[in-house]
Amino acid sequence: MVLLPLLDNIINIDSINIGKGRIKPQVPGTKVVFCMQNVKTVPGTFEEHAFFWQPPGFSAMLLMDQIPCVRRVKSAQSWGNDGSPALWEIASTRRKYHVHRRPYMKESHGALQGDMGLPRLLALIFIPTALATAAYVLAGLVQQAIPSLLLFFLVATLILFPIELGVVLRASKRYFGSYSLRSAFANHNHMPWWKVLAYAVVLFGYAGLMSAAIGPLERMVAAPLADKLYSSIPAYFNWDNLEYLRNYPKGVLLITCIAFLAFNVVVGPVVEELFFRGYLTSRIGRFGKWSPVIVTVLFSLYHLWLPFNNLFRILVFLPAAYVAWRQKNIYIAIVFHCLCNLISTIGFIVALYAV
């Protein structure tokens with residue numbers, strides 16, 4: 001398992017009696033790592049991930065974020081450093097522990113660290129999207145042989161999505177030992193598919209209400225600024241200018257619509273949710289319930305190529321982000337995002353061919 005590096009809070013638990021379970025160190029005297037996930041506790045106690053670490057010659061320690069006391073942990077799954085699982089029970093205690101700060105702890109494998117700072121978070125979000133947007137604008141200024149929509153998807157495929165997936169893959173390698181999407185599922189719980197769909201459909205219904213109530217209002221308020229912006233840039237970049245888009249050959253339009261369906265309905269939502277709701281939300285876990293709020297606001301602002309829908313995006317995606325975070329299931333956000341983009345994409349294609 002990966003032990004969190006740079007942990008600040010270490011709580012001594014010498015007096016806690018450990019019941020069921022056993023650990024078989026491969027080499028006597030080597031450190032033993034325990035990991036408890038999805039811990040169930042009685043009301044008033046913590047319900048977070050807990051980590052145990054016992055280095056040679058030291059007493060057991062409970063590593064948590066700002067946990068002032070522990071009353072009871074019913075059970076937890078743990079791993080010995082030989083990889084064997086064991087079930088543990090920790091006896092009840094009402095003792096309050098003093099929190100000691102430790103500036104550094106050596107990184108080990110098995111869990112995703114949740115202490116990313118805001119500067120790094122902003123860099124991970126806005127540097128890739130700024131590069132992609134700049135490349136899109138520059139390419140659009142030097143050529144207009146293909147529609148701007150198709151150009152944007154090509155740029156996203158070559159720049160934006162690879163960077164976002166690369167961050168997830170690199171984090172998986174760092175924390176879990178191999179290149180995979182595991183870091184996007186670090187706080188993921190299994191949920192039946194029917195329940196995932198039920199959550200997504202309810203959230204989609206809410207999004208429909210926001211689309212009818214907030215969408216037109218925001219467009220009306222932003223219209224003067226939007227008109228001024230679009231009047232100062234080539235019509236090529238205005239995705240709402242369907243008349244301009246219809247000037248392209250039918251074959252090019254067909255390819256654009258197919259790419260729109262593929263990237264806007266499947267590829268884009270999946271990559272963005274893995275990156276934002278999966279990886280980044282876990283990495284800023286120290287903000288607690290504010291984590292999905294922070295990520296959702298930044299997710300909306302990250303759409304530099306669509307600057308006039310931020311209020312609508314935040315109001316639509318925040319409930320989905322919170323439910324996915326609360327239920328610890330990223331598939332809720334993925335399915336919801338795909339549904340929203342599917343309807344908007346179909347509406348765009350119908351309007352394009354409605355002549």
# chains A, B, ... in the order shown; residues from 1 in each chain; ligands from 1
$ select_by_dssp --residues "stretch 71-303 of chain A" --states "strand (DSSP E)" --output "number ranges by chain"
A: 73-79, 85-90, 99-101
$ residues_around --residues "stretch 339-354 of chain A" --least-positions-apart "5" --cutoff "10 Å" --atoms "only C-alpha atoms" --output "PyMOL selection string"
chain A and resi 200-201+203-205+207-208+239-243+245-246+253-254+256-258+260-266+268-269+316-317+333-334
$ closest_residue --among "A:Asn310, A:Ser291, A:Ser178, A:Ser211" --to "A:Gly117" --atoms "only C-alpha atoms"
A:Ser291
$ closest_residue --among "A:Val323, A:Trp194, A:Phe237, A:Val335" --to "A:Pro292" --atoms "only C-alpha atoms"
A:Val323
$ closest_residue --among "A:Lys328, A:His337, A:Arg219, A:Arg313" --to "A:Leu301" --atoms "only C-alpha atoms"
A:Arg313
$ atom_distance --atom1 "atom CA of A:Pro128" --atom2 "atom CA of A:Ala156"
9.6 Å
$ closest_residue --among "A:Leu154, A:Val221, A:Ala132, A:Leu138" --to "A:Leu311" --atoms "only C-alpha atoms"
A:Val221
$ atom_distance --atom1 "atom CA of A:Tyr244" --atom2 "atom CA of A:Leu217"
25.6 Å
$ select_by_dssp --residues "stretch 100-236 of chain A" --states "alpha helix (DSSP H)" --output "NGL selection string"
:A and (118-142 or 148-155 or 161-176 or 193-232)
$ residues_around --residues "A:Ile314" --least-positions-apart "4" --cutoff "10 Å" --atoms "only C-alpha atoms" --output "PyMOL selection string"
chain A and resi 293+295-301+309-310+318-319+321
$ write_last_selection --atoms "C-alpha atoms" --output "PDB file, in the first residue's frame"
ATOM      1  CA  VAL A 293     -17.117  22.786  -4.836  1.00  0.00           C
ATOM      2  CA  VAL A 295     -13.061  21.514  -8.361  1.00  0.00           C
ATOM      3  CA  THR A 296     -16.456  22.290  -9.937  1.00  0.00           C
ATOM      4  CA  VAL A 297     -15.826  26.045 -10.013  1.00  0.00           C
ATOM      5  CA  LEU A 298     -12.374  25.535 -11.514  1.00  0.00           C
ATOM      6  CA  PHE A 299     -13.788  22.982 -13.960  1.00  0.00           C
ATOM      7  CA  SER A 300     -16.200  25.603 -15.276  1.00  0.00           C
ATOM      8  CA  LEU A 301     -13.529  28.300 -15.561  1.00  0.00           C
ATOM      9  CA  ASN A 309     -21.727  29.794 -19.435  1.00  0.00           C
ATOM     10  CA  ASN A 310     -19.951  29.620 -16.093  1.00  0.00           C
ATOM     11  CA  LEU A 318     -22.058  21.012  -8.605  1.00  0.00           C
ATOM     12  CA  PRO A 319     -24.853  18.654  -7.426  1.00  0.00           C
ATOM     13  CA  ALA A 321     -19.940  16.472  -8.235  1.00  0.00           C
TER      14      ALA A 321
END
$ closest_residue --among "A:Leu141, A:Leu121, A:Tyr175, A:Thr133" --to "A:Pro234" --atoms "only C-alpha atoms"
A:Leu141
